[in-house]
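Have a look at structure30.txt; it's compact mmCIF, C-alpha atoms:
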```txt
# COMPACT_ATOMS: atom_id res chain seq x y z
CA THR H 19 19.32 -6.40 -6.63
CA GLN H 20 15.78 -7.73 -6.15
CA LEU H 21 14.75 -7.41 -2.51
CA LEU H 22 11.29 -8.91 -3.02
CA GLU H 23 10.78 -12.38 -4.50
CA GLN H 24 7.36 -13.33 -5.84
CA SER H 25 6.04 -16.82 -6.42
CA PRO H 26 4.91 -18.29 -8.61
CA GLN H 27 6.40 -16.40 -11.54
CA PHE H 28 3.73 -17.67 -13.95
CA LEU H 29 0.23 -18.95 -13.19
CA SER H 30 -2.40 -20.19 -15.62
CA ILE H 31 -5.75 -21.26 -14.19
CA GLN H 32 -9.34 -21.89 -15.21
CA GLU H 33 -12.08 -19.35 -14.53
CA GLY H 34 -13.62 -19.95 -11.11
CA GLU H 35 -10.50 -21.36 -9.46
CA ASN H 36 -8.79 -19.84 -6.43
CA LEU H 37 -5.14 -18.80 -6.29
CA THR H 38 -2.53 -17.29 -3.99
CA VAL H 39 0.51 -15.22 -4.92
CA TYR H 40 3.35 -14.76 -2.45
CA CYS H 41 5.78 -11.90 -1.94
CA ASN H 42 8.77 -12.58 0.32
CA SER H 43 11.73 -10.57 1.53
CA SER H 44 14.44 -10.66 4.15
CA SER H 45 13.94 -6.92 4.68
CA VAL H 46 11.40 -5.17 6.88
CA PHE H 47 9.13 -2.60 5.21
CA SER H 48 6.99 0.16 6.69
CA SER H 49 4.23 -0.81 4.28
CA LEU H 50 3.62 -3.03 1.32
CA GLN H 51 1.63 -2.49 -1.84
CA TRP H 52 0.15 -4.63 -4.62
CA TYR H 53 -0.18 -3.38 -8.20
CA ARG H 54 -1.73 -4.92 -11.32
CA GLN H 55 -0.34 -4.20 -14.75
CA GLU H 56 -2.01 -4.92 -18.08
CA PRO H 57 -0.10 -5.15 -21.39
CA GLY H 58 0.99 -1.77 -22.72
CA GLU H 59 0.04 0.05 -19.54
CA GLY H 60 1.73 1.11 -16.32
CA PRO H 61 1.01 -0.64 -13.02
CA VAL H 62 -2.12 0.43 -11.11
CA LEU H 63 -2.25 0.35 -7.32
CA LEU H 64 -4.68 -2.19 -5.84
CA VAL H 65 -3.98 -1.89 -2.11
CA THR H 66 -1.56 -0.67 0.57
CA VAL H 67 -1.13 -2.60 3.83
CA VAL H 68 0.65 -0.83 6.67
CA THR H 69 0.25 -2.89 9.85
CA GLY H 70 1.92 -6.24 10.52
CA GLY H 71 -0.73 -8.96 10.37
CA GLU H 72 -3.17 -6.69 8.54
CA VAL H 73 -5.72 -8.28 6.21
CA LYS H 74 -7.53 -6.23 3.57
CA LYS H 75 -10.29 -7.38 1.26
CA LEU H 76 -11.12 -5.85 -2.10
CA LYS H 77 -14.11 -7.76 -3.51
CA ARG H 78 -12.67 -11.19 -4.46
CA LEU H 79 -9.09 -10.18 -3.58
CA THR H 80 -7.65 -10.67 -0.08
CA PHE H 81 -4.30 -9.14 0.86
CA GLN H 82 -2.28 -10.00 3.95
CA PHE H 83 0.82 -8.36 5.44
CA GLY H 84 3.03 -10.69 7.45
CA ASP H 85 3.41 -10.17 11.20
CA ALA H 86 7.11 -9.43 10.77
CA ARG H 87 6.39 -6.98 7.90
CA LYS H 88 8.67 -8.92 5.57
CA ASP H 89 6.17 -10.74 3.42
CA SER H 90 2.69 -10.52 1.94
CA SER H 91 0.18 -12.63 0.05
CA LEU H 92 -2.58 -11.98 -2.44
CA HIS H 93 -5.45 -14.45 -2.62
CA ILE H 94 -8.02 -14.34 -5.42
CA THR H 95 -11.28 -16.22 -5.03
CA ALA H 96 -13.21 -17.46 -8.07
CA ALA H 97 -10.81 -15.92 -10.60
CA GLN H 98 -12.29 -14.16 -13.63
CA PRO H 99 -10.69 -13.52 -17.05
CA GLY H 100 -10.58 -9.83 -16.11
CA ASP H 101 -8.10 -10.71 -13.36
CA THR H 102 -5.51 -11.57 -16.01
CA GLY H 103 -2.40 -9.43 -15.75
CA LEU H 104 0.98 -8.98 -14.09
CA TYR H 105 0.78 -8.66 -10.32
CA LEU H 106 3.57 -6.75 -8.60
CA CYS H 107 4.25 -6.29 -4.91
CA ALA H 108 6.19 -3.25 -3.74
CA GLY H 109 7.80 -2.63 -0.38
CA VAL H 110 8.02 0.90 0.95
CA ALA H 111 11.08 1.54 3.08
CA LYS H 112 10.11 4.94 4.43
CA LYS H 113 6.87 6.28 5.88
CA ILE H 114 6.27 8.95 3.28
CA TRP H 115 8.12 8.90 -0.03
CA GLY H 116 11.29 7.13 -0.60
CA GLN H 117 12.26 4.17 -2.63
CA PHE H 118 9.61 1.64 -3.62
CA TYR H 119 11.21 -1.81 -4.01
CA PHE H 120 9.25 -3.82 -6.57
CA GLY H 121 8.98 -7.58 -6.64
CA THR H 122 9.83 -9.90 -9.49
CA GLY H 123 6.21 -10.10 -10.67
CA THR H 124 3.60 -12.85 -11.14
CA SER H 125 1.98 -13.21 -14.54
CA LEU H 126 -1.58 -14.52 -14.14
CA THR H 127 -3.70 -15.88 -16.98
CA VAL H 128 -7.31 -16.83 -16.29
CA ILE H 129 -8.74 -19.05 -19.00
CA PRO H 130 -12.49 -18.66 -19.70
CA GLY F 29 -2.77 16.75 -17.37
CA ALA F 30 -5.07 14.06 -16.11
CA GLY F 31 -2.38 11.41 -15.89
CA VAL F 32 1.34 10.79 -16.27
CA SER F 33 2.33 11.21 -19.90
CA GLN F 34 5.39 9.60 -21.46
CA SER F 35 6.85 10.13 -24.91
CA PRO F 36 7.61 8.61 -27.24
CA SER F 37 5.55 5.47 -26.63
CA ASN F 38 7.95 3.50 -28.81
CA LYS F 39 11.55 4.20 -29.76
CA VAL F 40 13.75 2.14 -32.06
CA THR F 41 17.39 3.13 -32.22
CA GLU F 42 20.70 1.78 -33.39
CA LYS F 43 23.39 0.63 -31.02
CA GLY F 44 25.65 3.51 -30.07
CA LYS F 45 23.08 6.27 -30.55
CA ASP F 46 21.82 8.52 -27.74
CA VAL F 47 18.13 8.59 -26.78
CA GLU F 48 15.98 10.91 -24.68
CA LEU F 49 12.80 9.76 -22.99
CA ARG F 50 10.33 12.30 -21.64
CA CYS F 51 7.95 12.20 -18.68
CA ASP F 52 5.22 14.72 -17.87
CA PRO F 53 4.02 14.01 -14.31
CA ILE F 54 0.62 14.85 -12.90
CA SER F 55 0.46 18.58 -12.21
CA GLY F 56 1.45 19.36 -8.62
CA HIS F 57 3.14 16.02 -7.94
CA THR F 58 6.46 16.65 -6.22
CA ALA F 59 7.90 13.14 -6.45
CA LEU F 60 8.94 11.58 -9.76
CA TYR F 61 10.39 8.10 -10.35
CA TRP F 62 11.95 6.31 -13.32
CA TYR F 63 11.86 2.50 -13.52
CA ARG F 64 12.99 -0.02 -16.12
CA GLN F 65 11.04 -3.20 -16.87
CA SER F 66 12.24 -6.11 -18.94
CA LEU F 67 9.58 -8.22 -20.69
CA GLY F 68 7.06 -9.49 -18.15
CA GLN F 69 9.40 -8.85 -15.23
CA GLY F 70 9.40 -6.68 -12.15
CA LEU F 71 10.43 -3.04 -12.03
CA GLU F 72 14.05 -1.98 -11.61
CA PHE F 73 14.45 1.35 -9.83
CA LEU F 74 16.56 3.90 -11.72
CA ILE F 75 16.21 7.37 -10.16
CA TYR F 76 13.93 9.34 -7.84
CA PHE F 77 13.31 13.12 -7.64
CA GLN F 78 11.63 14.71 -4.62
CA GLY F 79 10.97 18.45 -4.71
CA ASN F 80 14.17 20.46 -4.65
CA SER F 81 16.21 17.74 -2.95
CA ALA F 82 19.16 16.09 -4.65
CA PRO F 83 17.87 13.13 -6.67
CA ASP F 84 18.46 9.55 -5.55
CA LYS F 85 20.51 8.17 -8.45
CA SER F 86 21.43 4.91 -6.75
CA GLY F 87 19.61 2.76 -9.32
CA LEU F 88 21.23 4.09 -12.49
CA PRO F 89 23.04 1.08 -14.02
CA SER F 90 25.96 2.97 -15.57
CA ASP F 91 27.27 6.46 -16.29
CA ARG F 92 25.61 6.24 -19.71
CA PHE F 93 22.31 6.89 -17.92
CA SER F 94 21.34 10.33 -16.62
CA ALA F 95 18.13 12.17 -15.81
CA GLU F 96 17.07 15.68 -15.04
CA ARG F 97 13.89 17.32 -13.88
CA THR F 98 13.36 20.90 -14.97
CA GLY F 99 11.27 23.32 -12.93
CA GLY F 100 10.10 20.54 -10.67
CA SER F 101 7.90 19.17 -13.43
CA VAL F 102 8.97 17.52 -16.70
CA SER F 103 11.74 14.95 -16.53
CA THR F 104 14.04 13.61 -19.24
CA LEU F 105 15.91 10.31 -19.02
CA THR F 106 18.93 10.22 -21.33
CA ILE F 107 20.77 7.08 -22.36
CA GLN F 108 24.07 7.67 -24.16
CA ARG F 109 25.75 5.21 -26.51
CA THR F 110 22.85 2.76 -26.25
CA GLN F 111 23.52 -0.96 -25.99
CA GLN F 112 21.24 -3.88 -26.86
CA GLU F 113 20.85 -4.70 -23.16
CA ASP F 114 19.22 -1.27 -22.70
CA SER F 115 16.16 -2.56 -24.58
CA ALA F 116 13.23 -2.50 -22.15
CA VAL F 117 10.13 -0.54 -21.16
CA TYR F 118 11.00 2.63 -19.27
CA LEU F 119 8.25 3.64 -16.85
CA CYS F 120 7.78 6.98 -15.12
CA ALA F 121 5.67 7.49 -12.00
CA SER F 122 4.72 10.50 -9.92
CA SER F 123 3.20 11.06 -6.49
CA SER F 124 2.38 13.79 -4.00
CA PRO F 125 1.64 14.25 -0.26
CA GLY F 126 -2.10 14.26 -0.84
CA GLN F 127 -1.89 10.87 -2.52
CA GLY F 128 -0.12 9.19 0.38
CA LEU F 129 2.06 6.38 -0.90
CA LYS F 130 0.25 5.92 -4.21
CA LEU F 131 2.35 5.94 -7.36
CA PHE F 132 0.71 6.99 -10.61
CA PHE F 133 2.41 5.43 -13.62
CA GLY F 134 2.60 6.43 -17.24
CA SER F 135 2.18 3.85 -20.01
CA GLY F 136 5.92 3.70 -20.56
CA THR F 137 8.33 4.01 -23.45
CA GLN F 138 9.26 0.77 -25.23
CA LEU F 139 12.92 1.14 -26.19
CA SER F 140 14.40 -1.22 -28.76
CA VAL F 141 18.13 -1.04 -29.50
CA LEU F 142 19.08 -2.83 -32.71
```

In structure tokens, how does this file's structure come out?
Amino acid sequence: TQLLEQSPQFLSIQEGENLTVYCNSSSVFSSLQWYRQEPGEGPVLLVTVVTGGEVKKLKRLTFQFGDARKDSSLHITAAQPGDTGLYLCAGVAKKIWGQFYFGTGTSLTVIP
Amino acid sequence: GAGVSQSPSNKVTEKGKDVELRCDPISGHTALYWYRQSLGQGLEFLIYFQGNSAPDKSGLPSDRFSAERTGGSVSTLTIQRTQQEDSAVYLCASSSPGQGLKLFFGSGTQLSVL
């Protein structure tokens, strides 16, 4: 059962454009993470947001955790070809370890 | 080792055969996870080991799937009587208290069942 739905599933844009990826759930999470995965590799953690309403910026990437801690968004400004990859959100149900519930994934292609 | 190591990187097997997938976590990491990923899709949780606690097996799709972790380190995921729908990438991840909530993933094993 997928607890986290991502949209869009596929996204193909031109270099320099902006984009937003959404991660939605009916469940409340103690924190939420975003990972990027390149072909043939495992996912790599980009950011963890832990407070409802929190906004974090990582260079051209902006991450937001919803006030109700059920959803999140990832916004990329002026996309570069190096941003190409599969973006995965993951909800953490417990404060320390526990089960990480991964989203359905968004495949991003940035065309030079 | 420096990272999570998985072997083999690719495995082709015939329907009905048993397969074993291996995961070497980062030294000292007490938590170990197995996930399954179909082509370009999200990750499906399979099983989670934490220290000496009983593993969380709630994600295993059938009794053909089992996993063990020996000595709190290396883990083996076994799939018996493989079916074509078992074809996927099997990813292993590890973590530890000092890393907070960060999961470190291996590169995965691509399993193809013919």

Give me the box for range 59-75 of chain H as lines of an AutoDock Vina configuration file, namely the centre and edge lengths in Å to one decimal of a box along x, y and z that holds every listed atom plus 8 Å on each side.
```
center_x = -4.2
center_y = -3.9
center_z = -4.5
size_x = 28.2
size_y = 26.1
size_z = 46.1
```

Report task. Identify the residues around (11.1, 13.1, -17.7) within a radius of 10 Å, measuring from only C-alpha atoms in the coordinates stated by the file, and give them as a list in words. Result -> Ser33, Gln34, Ser35, Glu48, Leu49, Arg50, Cys51, Asp52, Pro53, Leu60, Tyr61, Trp62, Ala95, Glu96, Arg97, Thr98, Ser101, Val102, Ser103, Thr104, Leu105, Thr106, Leu119, Cys120 and Ala121 of chain F

Query raised in the report: Can you list, as a VMD selection string, every protein, DNA or RNA residue that comes within 10 Å of Leu76 in chain H when you count all atoms listed in the file, leaving out same-chain residues fewer than 6 positions away?
Result: chain H and resid 64 to 65 94

Just-selected residues, C-alpha atoms written as a compact mmCIF listing (two decimals), in the frame of the given file:
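Saved to part-v4.txt:
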```txt
# COMPACT_ATOMS: atom_id res chain seq x y z
CA LEU H 64 -4.68 -2.19 -5.84
CA VAL H 65 -3.98 -1.89 -2.11
CA ILE H 94 -8.02 -14.34 -5.42
```

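Of the listed residues F:Gly68, F:Gly44, F:Gly31, F:Gly99, the one whose atoms come nearest to chain H is F:Gly68, with distances taken using all atoms listed in the file.
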
Report task. Select all residues near (14.5, -4.2, -10.8) (cut-off 8 Å, inclusive, file coordinates), counting only C-alpha atoms, and output them as an MDAnalysis selection string. Result -> (chainID H and resid 19:20 119:122) or (chainID F and resid 63:65 70:73)

Any chance you could tabulate, as CSV, the residues of chain F at most 10 Å from chain H with each one's nearest atom pair and distance in Å to one decimal, using all atoms listed in the file, in chain and rising number order?
```
residue,atom,partner,partner_atom,distance
F:Val32,CA,H:Gly60,CA,9.7
F:Ser37,CA,H:Gly58,CA,9.4
F:Ala59,CA,H:Trp115,CA,7.7
F:Tyr61,CA,H:Gln117,CA,8.9
F:Tyr63,CA,H:Phe120,CA,9.7
F:Gly68,CA,H:Ser125,CA,7.3
F:Gln69,CA,H:Gly123,CA,5.7
F:Gly70,CA,H:Thr122,CA,4.2
F:Leu71,CA,H:Phe120,CA,5.6
F:Glu72,CA,H:Phe120,CA,7.2
F:Phe73,CA,H:Tyr119,CA,7.4
F:Ile75,CA,H:Gln117,CA,9.1
F:Tyr76,CA,H:Gln117,CA,7.5
F:Phe77,CA,H:Gly116,CA,9.5
F:Gln78,CA,H:Trp115,CA,8.2
F:Asp84,CA,H:Gln117,CA,8.7
F:Gly87,CA,H:Thr19,CA,9.6
F:Val117,CA,H:Gly58,CA,9.4
F:Tyr118,CA,H:Gly60,CA,9.8
F:Leu119,CA,H:Gly60,CA,7.0
F:Cys120,CA,H:Gly60,CA,8.5
F:Ala121,CA,H:Gly60,CA,8.7
F:Ser123,CA,H:Trp115,CA,8.4
F:Ser124,CA,H:Trp115,CA,8.5
F:Pro125,CA,H:Ile114,CA,7.9
F:Gly128,CA,H:Ile114,CA,7.0
F:Leu129,CA,H:Ile114,CA,6.5
F:Lys130,CA,H:Leu63,CA,6.9
F:Leu131,CA,H:Leu63,CA,7.2
F:Phe132,CA,H:Val62,CA,7.2
F:Phe133,CA,H:Gly60,CA,5.1
F:Gly134,CA,H:Gly60,CA,5.5
F:Ser135,CA,H:Glu59,CA,4.4
F:Gly136,CA,H:Gly60,CA,6.5
F:Thr137,CA,H:Gly58,CA,9.4
F:Gln138,CA,H:Gly58,CA,9.0
```

Export, as a JSON list (two decimals), in the coordinates of the input, the selected residues with C-alpha atoms.
```
[["chain", "number", "residue", "atom", "x", "y", "z"],
["F", 32, "VAL", "CA", 1.34, 10.79, -16.27],
["F", 37, "SER", "CA", 5.55, 5.47, -26.63],
["F", 59, "ALA", "CA", 7.90, 13.14, -6.45],
["F", 61, "TYR", "CA", 10.39, 8.10, -10.35],
["F", 63, "TYR", "CA", 11.86, 2.50, -13.52],
["F", 68, "GLY", "CA", 7.06, -9.49, -18.15],
["F", 69, "GLN", "CA", 9.40, -8.85, -15.23],
["F", 70, "GLY", "CA", 9.40, -6.68, -12.15],
["F", 71, "LEU", "CA", 10.43, -3.04, -12.03],
["F", 72, "GLU", "CA", 14.05, -1.98, -11.61],
["F", 73, "PHE", "CA", 14.45, 1.35, -9.83],
["F", 75, "ILE", "CA", 16.21, 7.37, -10.16],
["F", 76, "TYR", "CA", 13.93, 9.34, -7.84],
["F", 77, "PHE", "CA", 13.31, 13.12, -7.64],
["F", 78, "GLN", "CA", 11.63, 14.71, -4.62],
["F", 84, "ASP", "CA", 18.46, 9.55, -5.55],
["F", 87, "GLY", "CA", 19.61, 2.76, -9.32],
["F", 117, "VAL", "CA", 10.13, -0.54, -21.16],
["F", 118, "TYR", "CA", 11.00, 2.63, -19.27],
["F", 119, "LEU", "CA", 8.25, 3.64, -16.85],
["F", 120, "CYS", "CA", 7.78, 6.98, -15.12],
["F", 121, "ALA", "CA", 5.67, 7.49, -12.00],
["F", 123, "SER", "CA", 3.20, 11.06, -6.49],
["F", 124, "SER", "CA", 2.38, 13.79, -4.00],
["F", 125, "PRO", "CA", 1.64, 14.25, -0.26],
["F", 128, "GLY", "CA", -0.12, 9.19, 0.38],
["F", 129, "LEU", "CA", 2.06, 6.38, -0.90],
["F", 130, "LYS", "CA", 0.25, 5.92, -4.21],
["F", 131, "LEU", "CA", 2.35, 5.94, -7.36],
["F", 132, "PHE", "CA", 0.71, 6.99, -10.61],
["F", 133, "PHE", "CA", 2.41, 5.43, -13.62],
["F", 134, "GLY", "CA", 2.60, 6.43, -17.24],
["F", 135, "SER", "CA", 2.18, 3.85, -20.01],
["F", 136, "GLY", "CA", 5.92, 3.70, -20.56],
["F", 137, "THR", "CA", 8.33, 4.01, -23.45],
["F", 138, "GLN", "CA", 9.26, 0.77, -25.23]]
```

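In this model, the gap between CA of Cys41 in chain H and CA of Leu92 in chain H comes to 8.4 Å.
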
**Report entry** All residues 8 Å or closer to range 84-91 of chain H, all atoms listed in the file, same chain fewer than 4 positions away omitted, as number ranges by chain
**Finding:** H: 38-50, 69-72

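Each of H:Thr95, H:Leu29, H:Val128, H:Val68 was compared to Ala111 in chain H using all atoms listed in the file, and H:Val68 turns out to be the nearest.
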
Using the partial input, fill out range 93-108 of chain F with N, CA and C atoms; write the result as a tab-separated table (two decimals), keeping the file's coordinate frame.
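After the write, rebuild_28.tsv holds the following:
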```tsv
chain	number	residue	atom	x	y	z
F	93	PHE	N	23.67	6.49	-18.27
F	93	PHE	CA	22.31	6.89	-17.92
F	93	PHE	C	22.35	8.17	-17.08
F	94	SER	N	21.48	9.12	-17.42
F	94	SER	CA	21.34	10.33	-16.62
F	94	SER	C	19.91	10.82	-16.73
F	95	ALA	N	19.49	11.63	-15.78
F	95	ALA	CA	18.13	12.17	-15.81
F	95	ALA	C	18.15	13.54	-15.17
F	96	GLU	N	17.25	14.37	-15.64
F	96	GLU	CA	17.07	15.68	-15.04
F	96	GLU	C	15.57	15.98	-14.96
F	97	ARG	N	15.28	16.89	-14.04
F	97	ARG	CA	13.89	17.32	-13.88
F	97	ARG	C	13.91	18.84	-13.84
F	98	THR	N	13.31	19.45	-14.84
F	98	THR	CA	13.36	20.90	-14.97
F	98	THR	C	12.13	21.54	-14.33
F	99	GLY	N	12.37	22.58	-13.52
F	99	GLY	CA	11.27	23.32	-12.93
F	99	GLY	C	10.37	22.49	-12.05
F	100	GLY	N	10.89	21.39	-11.54
F	100	GLY	CA	10.10	20.54	-10.67
F	100	GLY	C	8.96	19.84	-11.37
F	101	SER	N	9.00	19.80	-12.70
F	101	SER	CA	7.90	19.17	-13.43
F	101	SER	C	8.42	18.11	-14.39
F	102	VAL	N	8.58	18.47	-15.65
F	102	VAL	CA	8.97	17.52	-16.70
F	102	VAL	C	10.34	16.92	-16.41
F	103	SER	N	10.46	15.63	-16.70
F	103	SER	CA	11.74	14.95	-16.53
F	103	SER	C	12.16	14.29	-17.84
F	104	THR	N	13.47	14.27	-18.06
F	104	THR	CA	14.04	13.61	-19.24
F	104	THR	C	15.07	12.59	-18.78
F	105	LEU	N	14.93	11.37	-19.26
F	105	LEU	CA	15.91	10.31	-19.02
F	105	LEU	C	16.74	10.16	-20.30
F	106	THR	N	18.04	10.31	-20.17
F	106	THR	CA	18.93	10.22	-21.33
F	106	THR	C	19.81	8.99	-21.21
F	107	ILE	N	19.88	8.24	-22.30
F	107	ILE	CA	20.77	7.08	-22.36
F	107	ILE	C	21.75	7.36	-23.50
F	108	GLN	N	23.03	7.41	-23.16
F	108	GLN	CA	24.07	7.67	-24.16
F	108	GLN	C	24.65	6.35	-24.66
```
